[in-house]
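target_10.txt, holding compact mmCIF, C-alpha atoms and all ligand atoms:
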# COMPACT_ATOMS: atom_id res chain seq x y z
CA MET A 1041 0.00 0.00 0.00
CA SER A 1042 1.44 3.34 -0.95
CA ILE A 1043 1.75 6.00 1.71
CA ILE A 1044 -0.64 8.94 1.59
CA GLN A 1045 0.86 12.30 2.46
CA SER A 1046 -0.94 14.68 4.79
CA LEU A 1047 -2.42 17.95 3.53
CA ASP A 1048 0.13 20.55 2.63
CA ALA A 1049 1.01 23.00 5.41
CA THR A 1050 -0.27 25.89 3.33
CA SER A 1051 -3.79 24.46 3.70
CA TYR A 1052 -3.52 25.47 7.34
CA THR A 1053 -1.95 28.87 6.81
CA ASP A 1054 -3.00 30.35 3.47
CA ASN A 1055 -5.63 33.08 3.59
CA THR A 1056 -6.93 32.32 0.10
CA ARG A 1057 -7.63 28.73 1.14
CA TYR A 1058 -9.31 29.95 4.29
CA ALA A 1059 -11.56 32.30 2.31
CA LEU A 1060 -12.54 29.33 0.13
CA GLU A 1061 -13.25 27.22 3.21
CA ARG A 1062 -15.54 29.94 4.53
CA GLU A 1063 -17.59 29.92 1.33
CA ARG A 1064 -17.58 26.22 0.51
CA ILE A 1065 -17.45 24.54 3.89
CA PHE A 1066 -18.34 26.76 6.84
CA LYS A 1067 -21.24 28.55 5.17
CA LYS A 1068 -22.82 25.52 3.53
CA GLN A 1069 -22.52 22.95 6.30
CA TRP A 1070 -24.46 22.32 9.50
CA TRP A 1071 -23.21 23.55 12.86
CA LEU A 1072 -24.33 22.72 16.34
CA LEU A 1073 -25.61 25.95 17.89
CA GLY A 1074 -26.39 24.51 21.33
CA PRO A 1075 -28.84 22.53 23.43
CA GLU A 1076 -32.51 22.89 22.58
CA HIS A 1077 -33.49 23.37 26.24
CA THR A 1078 -32.04 26.89 25.98
CA VAL A 1079 -34.81 27.86 23.55
CA LYS A 1080 -37.77 26.03 25.05
CA GLU A 1081 -40.22 28.85 25.81
CA ARG A 1082 -41.65 31.46 23.46
CA GLY A 1083 -39.21 34.34 23.12
CA ASP A 1084 -36.22 32.30 24.31
CA TYR A 1085 -33.13 32.89 22.23
CA LEU A 1086 -29.62 31.55 21.98
CA SER A 1087 -27.13 33.95 20.44
CA ASP A 1088 -23.58 33.08 19.48
CA THR A 1089 -20.89 33.57 16.88
CA VAL A 1090 -20.50 30.52 14.65
CA CYS A 1091 -17.40 30.37 12.45
CA GLY A 1092 -17.20 34.15 12.73
CA TRP A 1093 -20.87 34.84 11.88
CA PRO A 1094 -23.03 36.29 14.67
CA VAL A 1095 -26.29 34.32 14.64
CA PHE A 1096 -29.15 33.44 16.94
CA ALA A 1097 -32.04 31.01 17.21
CA ILE A 1098 -35.29 32.20 18.73
CA ARG A 1099 -38.55 30.49 19.70
CA GLY A 1100 -41.26 32.57 18.08
CA ASN A 1101 -44.48 33.71 19.72
CA ASP A 1102 -46.09 31.02 17.56
CA GLY A 1103 -43.90 28.32 19.14
CA GLU A 1104 -41.76 27.86 16.02
CA LEU A 1105 -37.96 27.86 16.32
CA ARG A 1106 -36.21 30.08 13.76
CA ALA A 1107 -32.65 31.23 13.25
CA PHE A 1108 -31.30 34.50 11.90
CA HIS A 1109 -28.12 36.39 11.30
CA ASN A 1110 -27.63 38.69 14.28
CA ILE A 1111 -27.64 41.77 12.04
CA CYS A 1112 -29.92 44.78 11.99
CA ARG A 1113 -31.04 45.54 8.44
CA HIS A 1114 -30.67 49.30 9.08
CA ARG A 1115 -26.99 50.01 9.79
CA GLY A 1116 -25.79 46.50 10.45
CA SER A 1117 -25.46 46.52 14.21
CA THR A 1118 -25.47 43.28 16.15
CA LEU A 1119 -28.91 42.97 17.73
CA LEU A 1120 -28.66 40.52 20.63
CA GLU A 1121 -25.82 40.05 23.07
CA GLU A 1122 -24.23 36.59 23.01
CA GLY A 1123 -25.78 34.07 25.34
CA GLN A 1124 -29.24 32.98 26.33
CA GLY A 1125 -32.15 35.32 26.92
CA ARG A 1126 -35.82 35.94 26.42
CA CYS A 1127 -37.56 38.79 24.62
CA ARG A 1128 -40.93 39.70 23.16
CA THR A 1129 -39.42 41.72 20.35
CA ILE A 1130 -35.85 42.11 19.19
CA VAL A 1131 -34.78 45.72 19.58
CA CYS A 1132 -31.63 46.99 17.92
CA PRO A 1133 -29.33 48.75 20.42
CA TYR A 1134 -28.29 51.33 17.78
CA HIS A 1135 -31.49 53.12 16.60
CA ALA A 1136 -34.09 50.96 18.32
CA TRP A 1137 -35.45 49.29 15.22
CA GLY A 1138 -37.66 46.43 16.33
CA TYR A 1139 -38.20 42.95 14.91
CA LYS A 1140 -40.82 40.37 15.77
CA THR A 1141 -39.67 36.95 16.92
CA ASP A 1142 -40.45 35.67 13.42
CA GLY A 1143 -37.88 38.09 11.99
CA THR A 1144 -40.25 40.69 10.51
CA LEU A 1145 -39.32 44.31 10.87
CA SER A 1146 -42.02 45.84 13.06
CA ALA A 1147 -40.73 49.22 14.25
CA THR A 1148 -38.52 51.96 12.79
CA PRO A 1149 -38.99 54.72 15.38
CA GLY A 1150 -38.34 58.24 14.06
CA PHE A 1151 -37.10 56.97 10.70
CA GLY A 1152 -39.53 59.00 8.62
CA HIS A 1153 -41.68 58.01 5.69
CA SER A 1154 -40.72 57.46 2.10
CA ASP A 1155 -42.42 55.54 -0.69
CA ASP A 1156 -38.99 54.14 -1.48
CA PHE A 1157 -38.74 52.36 1.83
CA ASP A 1158 -40.55 49.06 2.20
CA PRO A 1159 -40.20 47.56 5.70
CA ALA A 1160 -41.12 44.13 4.29
CA GLN A 1161 -37.85 44.20 2.36
CA HIS A 1162 -35.89 44.64 5.60
CA ASN A 1163 -36.75 41.58 7.63
CA LEU A 1164 -33.94 39.68 9.35
CA PHE A 1165 -31.74 37.42 7.23
CA ALA A 1166 -33.00 33.91 7.94
CA LEU A 1167 -30.87 30.80 8.35
CA ARG A 1168 -31.76 27.16 8.13
CA VAL A 1169 -32.38 25.59 11.52
CA ALA A 1170 -32.95 22.00 12.61
CA CYS A 1171 -33.72 20.40 15.96
CA PHE A 1172 -32.37 16.92 16.49
CA ARG A 1173 -32.40 14.81 19.66
CA GLY A 1174 -32.44 17.90 21.91
CA MET A 1175 -29.87 19.88 19.94
CA VAL A 1176 -30.19 22.90 17.65
CA PHE A 1177 -28.25 23.04 14.40
CA ILE A 1178 -27.95 25.89 11.93
CA SER A 1179 -26.73 26.33 8.38
CA LEU A 1180 -26.03 29.68 6.75
CA ASP A 1181 -26.61 28.72 3.14
CA ASP A 1182 -29.73 27.18 1.65
CA ASN A 1183 -27.64 25.37 -0.94
CA GLY A 1184 -25.83 23.08 1.48
CA PRO A 1185 -26.86 19.52 2.31
CA ALA A 1186 -30.33 18.84 3.72
CA PHE A 1187 -30.13 18.28 7.46
CA SER A 1188 -31.91 14.93 7.21
CA ASP A 1189 -29.20 13.67 4.82
CA TRP A 1190 -26.39 15.18 6.87
CA ILE A 1191 -27.46 13.51 10.12
CA LYS A 1192 -28.99 10.26 8.87
CA THR A 1193 -26.14 7.83 9.51
CA LEU A 1194 -25.15 9.37 12.81
CA ASP A 1195 -28.78 9.24 13.90
CA GLU A 1196 -28.79 5.50 13.23
CA LEU A 1197 -25.55 5.00 15.17
CA MET A 1198 -26.96 6.93 18.13
CA THR A 1199 -30.18 4.95 18.33
CA PRO A 1200 -28.99 2.19 20.75
CA PHE A 1201 -27.68 4.78 23.24
CA PRO A 1202 -29.55 6.88 25.78
CA GLY A 1203 -30.20 10.47 24.75
CA ILE A 1204 -30.32 13.93 26.24
CA ASP A 1205 -33.93 13.40 27.35
CA ASP A 1206 -32.89 10.47 29.54
CA MET A 1207 -30.23 12.47 31.34
CA THR A 1208 -29.78 15.62 33.41
CA TYR A 1209 -28.00 18.60 31.95
CA HIS A 1210 -24.82 19.36 33.86
CA GLY A 1211 -23.03 22.23 32.14
CA SER A 1212 -20.75 23.46 29.39
CA PHE A 1213 -17.15 24.43 28.88
CA THR A 1214 -15.25 26.19 26.13
CA VAL A 1215 -11.61 25.84 25.14
CA HIS A 1216 -9.83 28.16 22.70
CA GLY A 1217 -6.80 27.08 20.71
CA ALA A 1218 -4.16 28.76 18.56
CA ALA A 1219 -4.45 26.34 15.66
CA ASN A 1220 -6.28 25.96 12.38
CA TRP A 1221 -9.57 24.05 12.79
CA LYS A 1222 -8.32 21.18 10.60
CA THR A 1223 -5.52 20.29 13.02
CA TYR A 1224 -8.23 19.40 15.54
CA CYS A 1225 -10.23 17.35 13.02
CA ASP A 1226 -7.08 15.55 11.84
CA ASN A 1227 -6.46 14.65 15.45
CA THR A 1228 -10.04 13.72 16.25
CA VAL A 1229 -10.40 11.06 13.58
CA GLU A 1230 -7.43 8.93 14.62
CA GLY A 1231 -6.77 6.87 17.73
CA TYR A 1232 -3.01 6.75 17.10
CA HIS A 1233 -2.32 9.60 19.53
CA LEU A 1234 -4.41 8.16 22.37
CA ASN A 1235 -1.60 6.63 24.41
CA ALA A 1236 0.80 9.55 24.14
CA VAL A 1237 -1.67 12.44 24.48
CA HIS A 1238 -4.41 11.07 26.76
CA PRO A 1239 -2.85 8.86 29.44
CA ARG A 1240 -6.04 8.46 31.51
CA LEU A 1241 -8.29 7.90 28.53
CA ALA A 1242 -5.87 5.30 27.18
CA THR A 1243 -6.20 3.26 30.38
CA ALA A 1244 -9.99 3.65 30.38
CA VAL A 1245 -10.46 2.11 26.98
CA SER A 1246 -9.95 -1.66 26.76
CA THR A 1247 -6.95 -2.52 24.63
CA GLY A 1248 -7.89 -3.45 21.13
CA SER A 1249 -11.55 -2.71 21.73
CA VAL A 1250 -11.91 0.51 19.83
CA THR A 1251 -13.24 0.06 16.33
CA ILE A 1252 -12.90 3.13 14.16
CA GLN A 1253 -15.28 3.14 11.24
CA PRO A 1254 -15.73 5.68 8.45
CA TYR A 1255 -19.21 6.38 7.05
CA ASP A 1256 -20.69 8.79 4.51
CA ASN A 1257 -17.55 8.89 2.33
CA GLY A 1258 -15.39 9.87 5.29
CA GLU A 1259 -17.61 12.74 6.45
CA LEU A 1260 -18.56 10.72 9.50
CA ILE A 1261 -15.97 8.86 11.56
CA ALA A 1262 -17.20 6.77 14.48
CA PHE A 1263 -15.24 5.19 17.30
CA HIS A 1264 -17.11 2.22 18.73
CA VAL A 1265 -15.60 2.00 22.19
CA ASP A 1266 -15.43 -0.66 24.88
CA TYR A 1267 -14.55 0.86 28.24
CA GLY A 1268 -12.51 -0.76 30.99
CA GLY A 1269 -11.16 0.31 34.41
CA ASP A 1270 -12.57 3.57 35.78
CA GLY A 1271 -13.84 4.31 32.27
CA ALA A 1272 -16.38 1.52 32.68
CA ALA A 1273 -17.34 2.70 36.17
CA LEU A 1274 -17.98 6.23 34.92
CA ARG A 1275 -19.30 5.52 31.48
CA GLY A 1276 -20.72 2.03 31.31
CA ASN A 1277 -19.26 -0.57 29.01
CA LEU A 1278 -20.00 0.65 25.53
CA GLY A 1279 -19.53 4.05 24.03
CA LEU A 1280 -19.77 5.93 20.78
CA TRP A 1281 -17.50 8.79 19.86
CA ALA A 1282 -18.21 10.37 16.53
CA TYR A 1283 -17.03 13.23 14.38
CA ARG A 1284 -19.38 14.61 11.72
CA PHE A 1285 -17.71 16.89 9.17
CA PRO A 1286 -17.03 19.70 9.55
CA GLY A 1287 -17.35 20.46 13.27
CA PHE A 1288 -19.76 18.31 15.24
CA GLN A 1289 -18.72 15.71 17.78
CA ILE A 1290 -20.46 13.49 20.27
CA ALA A 1291 -19.28 11.16 23.01
CA ILE A 1292 -22.08 8.98 24.33
CA SER A 1293 -22.17 6.13 26.79
CA ALA A 1294 -24.69 4.57 29.16
CA ASN A 1295 -24.16 7.37 31.71
CA ALA A 1296 -22.94 10.38 29.78
CA PHE A 1297 -23.80 12.40 26.72
CA LYS A 1298 -21.40 15.09 25.53
CA ILE A 1299 -21.72 17.21 22.41
CA GLU A 1300 -19.17 19.53 20.90
CA ARG A 1301 -18.89 22.19 18.26
CA VAL A 1302 -15.37 22.72 17.03
CA GLU A 1303 -15.10 25.71 14.76
CA PRO A 1304 -12.64 28.13 13.25
CA THR A 1305 -12.47 31.54 14.89
CA GLY A 1306 -9.84 32.64 12.36
CA ILE A 1307 -7.34 30.96 10.09
CA GLY A 1308 -5.01 30.07 12.96
CA SER A 1309 -7.49 29.81 15.82
CA LEU A 1310 -10.30 27.52 16.89
CA ARG A 1311 -12.84 27.09 19.61
CA SER A 1312 -14.28 23.93 21.12
CA MET A 1313 -17.64 24.37 22.85
CA ASN A 1314 -19.00 21.45 24.86
CA TRP A 1315 -22.23 20.59 26.65
CA ALA A 1316 -22.71 17.54 28.87
CA TRP A 1317 -25.53 15.49 30.40
CA TYR A 1318 -25.32 12.57 32.85
CA GLN A 1319 -27.40 9.90 34.51
CA ASN A 1320 -26.89 7.18 37.15
CA LEU A 1321 -23.77 8.81 38.59
CA ASP A 1322 -23.26 10.52 41.94
CA ASP A 1323 -22.13 14.13 42.12
CA ALA A 1324 -18.46 13.27 42.62
CA ALA A 1325 -18.45 10.96 39.60
CA ILE A 1326 -20.20 13.57 37.45
CA LYS A 1327 -17.69 16.21 38.49
CA ASP A 1328 -14.86 13.82 37.72
CA SER A 1329 -16.28 12.85 34.32
CA PHE A 1330 -16.98 16.45 33.34
CA GLU A 1331 -13.50 17.64 34.32
CA TRP A 1332 -12.00 14.69 32.55
CA SER A 1333 -13.80 15.60 29.32
CA GLU A 1334 -12.34 19.08 29.50
CA THR A 1335 -8.90 17.62 30.16
CA VAL A 1336 -9.20 15.52 27.01
CA VAL A 1337 -10.15 18.56 24.91
CA ARG A 1338 -7.27 20.56 26.41
CA GLU A 1339 -4.85 17.71 25.70
CA ASP A 1340 -6.03 17.62 22.08
CA ILE A 1341 -5.85 21.38 21.60
CA GLY A 1342 -2.42 21.43 23.24
CA ILE A 1343 -1.08 19.02 20.66
CA CYS A 1344 -2.79 20.94 17.83
CA GLU A 1345 -0.97 24.09 18.91
CA LYS A 1346 2.36 22.25 18.84
CA VAL A 1347 1.57 21.19 15.26
CA GLN A 1348 0.30 24.59 14.10
CA ARG A 1349 3.48 26.34 15.22
CA ASN A 1350 5.42 24.25 12.73
CA LEU A 1351 2.83 24.42 9.97
CA ASP A 1352 3.37 28.17 10.18
CA ASN A 1353 7.15 28.24 10.01
CA GLY A 1354 7.89 27.07 6.47
CA ILE A 1355 10.19 24.12 7.27
CA TYR A 1356 7.65 21.28 7.37
CA THR A 1357 5.33 20.89 4.39
CA SER A 1358 3.71 17.47 4.73
CA GLY A 1359 4.22 14.06 6.34
CA PRO A 1360 3.35 10.37 5.82
CA LEU A 1361 0.02 9.06 7.15
CA SER A 1362 0.06 5.64 8.77
CA PRO A 1363 -1.66 3.01 6.63
CA ASP A 1364 -2.73 1.23 9.82
CA GLN A 1365 -3.73 4.14 12.01
CA GLU A 1366 -4.40 7.26 9.99
CA GLY A 1367 -6.64 6.14 7.15
CA ASN A 1368 -9.37 8.39 8.47
CA VAL A 1369 -7.04 11.39 8.56
CA ALA A 1370 -6.51 10.74 4.86
CA ARG A 1371 -10.30 10.49 4.41
CA PHE A 1372 -10.98 13.73 6.28
CA GLN A 1373 -8.29 15.53 4.28
CA GLN A 1374 -9.72 14.16 1.05
CA VAL A 1375 -13.15 15.49 2.03
CA VAL A 1376 -11.53 18.91 2.49
CA ARG A 1377 -9.75 18.68 -0.89
CA THR A 1378 -12.87 17.53 -2.69
CA THR A 1379 -15.06 20.19 -1.11
CA LEU A 1380 -12.63 22.98 -1.90
CA ASP A 1381 -11.27 21.96 -5.26
CA GLY A 1382 -13.57 19.25 -6.56
CA GLU A 1383 -10.42 17.08 -6.82
FE FE A 1401 -7.46 13.05 21.31

This structure in C-alpha cells:
Amino acid sequence: MSIIQSLDATSYTDNTRYALERERIFKKQWWLLGPEHTVKERGDYLSDTVCGWPVFAIRGNDGELRAFHNICRHRGSTLLEEGQGRCRTIVCPYHAWGYKTDGTLSATPGFGHSDDFDPAQHNLFALRVACFRGMVFISLDDNGPAFSDWIKTLDELMTPFPGIDDMTYHGSFTVHGAANWKTYCDNTVEGYHLNAVHPRLATAVSTGSVTIQPYDNGELIAFHVDYGGDGAALRGNLGLWAYRFPGFQIAISANAFKIERVEPTGIGSLRSMNWAWYQNLDDAAIKDSFEWSETVVREDIGICEKVQRNLDNGIYTSGPLSPDQEGNVARFQQVVRTTLDGE
C-alpha cells in the first residue's frame, strides 16, 4: 500500500484557502448551535458567533424555532448580546429598530416616511435551523446539504444509546486554541495519539476494543468503544465517539452524553464548545467525568498548537500518514480537498 501524504502546510496557513473554506465549507454545512433546552419557551433565544458569523435562534411567539443572522437591516449593528435570553421583540441597540420573533421588521422609530422604503424588504436574514435529539443546528446557506441527509447515519448509530432526554443537563465548557480548525479534526479522527496524548483515557479504553469506522464517504468517523477500568465505572461498558464533518462531535455512553462544536475563529485559531448530560452517577463521579472531558479537549488542543506552530514556520510541508492508524485522517483531508477543489 502506498503511503498517503498529509495535507500541505499551506492548507492550514494560506488566507486564500481559508476564504474558500468559509464559502464552501463553513457557510454551507451544519453547525451545532447549542442545546434545545435553551430555547424552550416562546421568546427564548440563543445567540452566538459561529465560524465568525453572529447568529441566533429564537422560539417565536407562535412556538416555532427560527434562526437568523444577528444583524440589523438598518446600519448593520449586532442585535442581541451573546448568550441565552428571552424577549418579546428584538430591539436593535443602535437606533431601536424592532423585529418580531419571526424576523419581521415591526418598528422603525423616528425613521420618517418614504415611498422608497418598504419595511417588508428589511426583515432579518433567515438561516436554516434543525432540531435533532435535543440539539439545535444551523446552516447559513440554503444550498448546502439537507439536514436529514447530513445527520442520517449518525442518527442511526446513536439509536442504541440513551439520549439527552434520559439524562440531566450538567453544564458546558469552552476551550480556545491557537491552531487551524483542521488540526483538531485531523487529530479527532485517529486513535493513534491516544496513548501519548491522553494517558487516563488510554487506560480507560480496553486494549484493542476501539473500532474506528468511516461512514458517509469519510464525512462521519465513528469510534465504537469498549470501556474498561474507571472508564467503565464512569461511562458504562459501551460508548460511541463520533465526528461529523465539519465540526460536530459526540461522546455517548450509558451514563454520559457530551456534544461539541469545534469551529474556526480565524485561520489560525479555533474554539471547542462542549455541553454535557449525565445519569446514574453521583455528584463526585459527574464532576470527575466532566472535568476529565475538558482535560481531554485541552490535551487535544495542546497538541494541535504544537503542530500549528510548525505548519506556520515554512520548514515542514507534509508528512506520511500511517496506513494502519491514519486512514481516516486521509479520508478527512480528502473530504476537504474535494469540497474545496472538486479534486
Ligand atoms: Fe485526542

Any chance you could tabulate, as a Markdown table, the residues of chain A at most 9 Å from ligand FE 1401 (chain A) with each one's nearest atom pair and distance in Å to one decimal, using only C-alpha atoms and all ligand atoms, in chain and rising number order?
| residue | atom | partner | partner_atom | distance |
| --- | --- | --- | --- | --- |
| A:Tyr1224 | CA | A:FE1401 | FE | 8.6 |
| A:Asn1227 | CA | A:FE1401 | FE | 6.2 |
| A:Thr1228 | CA | A:FE1401 | FE | 5.7 |
| A:Val1229 | CA | A:FE1401 | FE | 8.5 |
| A:Glu1230 | CA | A:FE1401 | FE | 7.9 |
| A:Gly1231 | CA | A:FE1401 | FE | 7.2 |
| A:Tyr1232 | CA | A:FE1401 | FE | 8.8 |
| A:His1233 | CA | A:FE1401 | FE | 6.4 |
| A:Leu1234 | CA | A:FE1401 | FE | 5.9 |
| A:Val1237 | CA | A:FE1401 | FE | 6.6 |
| A:His1238 | CA | A:FE1401 | FE | 6.6 |
| A:Leu1241 | CA | A:FE1401 | FE | 8.9 |
| A:Val1336 | CA | A:FE1401 | FE | 6.5 |
| A:Val1337 | CA | A:FE1401 | FE | 7.1 |
| A:Glu1339 | CA | A:FE1401 | FE | 6.9 |
| A:Asp1340 | CA | A:FE1401 | FE | 4.9 |
| A:Ile1341 | CA | A:FE1401 | FE | 8.5 |
| A:Ile1343 | CA | A:FE1401 | FE | 8.8 |

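Distance check against Asp1205 in chain A using all atoms listed in the file: of A:Gly1174, A:Pro1149, A:Gly1217, A:Gly1268, the minimum falls on A:Gly1174.
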
Give me, as a PyMOL selection string, all polymer residues having an atom no more than 12 Å from range 1189-1194 of chain A, counting only C-alpha atoms and skipping those fewer than 2 positions away in the same chain. chain A and resi 1068-1072+1170-1173+1175+1177-1179+1184-1187+1196-1201+1253-1263+1280-1286+1288-1292

Separation of CA of His1210 in chain A and CA of Gln1319 in chain A, in Å? 9.8 Å

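Put simply, CA of Ala1166 in chain A is 12.0 Å away from CA of Cys1112 in chain A.
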
Rank nothing, just name the residue among A:Pro1202, A:Pro1239, A:Gly1092, A:Gly1382 nearest to Asn1320 in chain A, using all atoms listed in the file.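 Nearest candidate to Asn1320 in chain A out of A:Pro1202, A:Pro1239, A:Gly1092, A:Gly1382: A:Pro1202.
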
Looking at all atoms listed in the file, which of A:Gln1373, A:Ala1147, A:Glu1300, A:Asp1088 is the one that sits closest to Leu1361 in chain A?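 Among the listed residues, the smallest separation from Leu1361 in chain A belongs to A:Gln1373.
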
Residue nearest Ala1316 in chain A - candidates A:Pro1075, A:Arg1377, A:Leu1145, A:Gly1152, atoms counted: all atoms listed in the file: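 The answer is A:Pro1075, which sits nearest to Ala1316 in chain A.
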
Interatomic distance (Å, one decimal) between CA of Trp1332 in chain A and CA of Ala1244 in chain A: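 If I compute the distance from CA of Trp1332 in chain A to CA of Ala1244 in chain A, I get 11.4 Å.
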
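Proximity ranking of A:Arg1168, A:His1114, A:Arg1062, A:His1135 relative to Phe1096 in chain A places A:Arg1168 first, based on all atoms listed in the file.
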
How about completing range 1281-1294 of chain A with N, CA and C atoms and giving it to me as a short mmCIF file (atom, residue, chain, number, x, y, z; two decimals), in the frame of the given file?
data_model
loop_
_atom_site.label_atom_id
_atom_site.label_comp_id
_atom_site.auth_asym_id
_atom_site.auth_seq_id
_atom_site.Cartn_x
_atom_site.Cartn_y
_atom_site.Cartn_z
N TRP A 1281 -18.04 7.47 20.11
CA TRP A 1281 -17.50 8.79 19.86
C TRP A 1281 -17.64 8.99 18.36
N ALA A 1282 -18.07 10.16 17.97
CA ALA A 1282 -18.21 10.37 16.53
C ALA A 1282 -17.88 11.80 16.16
N TYR A 1283 -17.32 11.93 14.97
CA TYR A 1283 -17.03 13.23 14.38
C TYR A 1283 -17.82 13.32 13.08
N ARG A 1284 -18.64 14.38 12.96
CA ARG A 1284 -19.38 14.61 11.72
C ARG A 1284 -18.83 15.88 11.09
N PHE A 1285 -18.26 15.76 9.91
CA PHE A 1285 -17.71 16.89 9.17
C PHE A 1285 -18.76 18.00 9.06
N PRO A 1286 -18.39 19.25 9.26
CA PRO A 1286 -17.03 19.70 9.55
C PRO A 1286 -16.72 19.94 11.02
N GLY A 1287 -17.72 20.05 11.91
CA GLY A 1287 -17.35 20.46 13.27
C GLY A 1287 -18.27 19.99 14.37
N PHE A 1288 -18.87 18.81 14.20
CA PHE A 1288 -19.76 18.31 15.24
C PHE A 1288 -19.21 17.01 15.81
N GLN A 1289 -19.19 16.93 17.15
CA GLN A 1289 -18.72 15.71 17.78
C GLN A 1289 -19.64 15.30 18.90
N ILE A 1290 -19.74 14.00 19.11
CA ILE A 1290 -20.46 13.49 20.27
C ILE A 1290 -19.61 12.43 20.96
N ALA A 1291 -19.83 12.28 22.25
CA ALA A 1291 -19.28 11.16 23.01
C ALA A 1291 -20.43 10.67 23.89
N ILE A 1292 -20.92 9.49 23.60
CA ILE A 1292 -22.08 8.98 24.33
C ILE A 1292 -21.74 7.64 24.96
N SER A 1293 -22.26 7.44 26.16
CA SER A 1293 -22.17 6.13 26.79
C SER A 1293 -23.44 5.95 27.60
N ALA A 1294 -23.47 4.86 28.38
CA ALA A 1294 -24.69 4.57 29.16
C ALA A 1294 -25.00 5.71 30.13
#
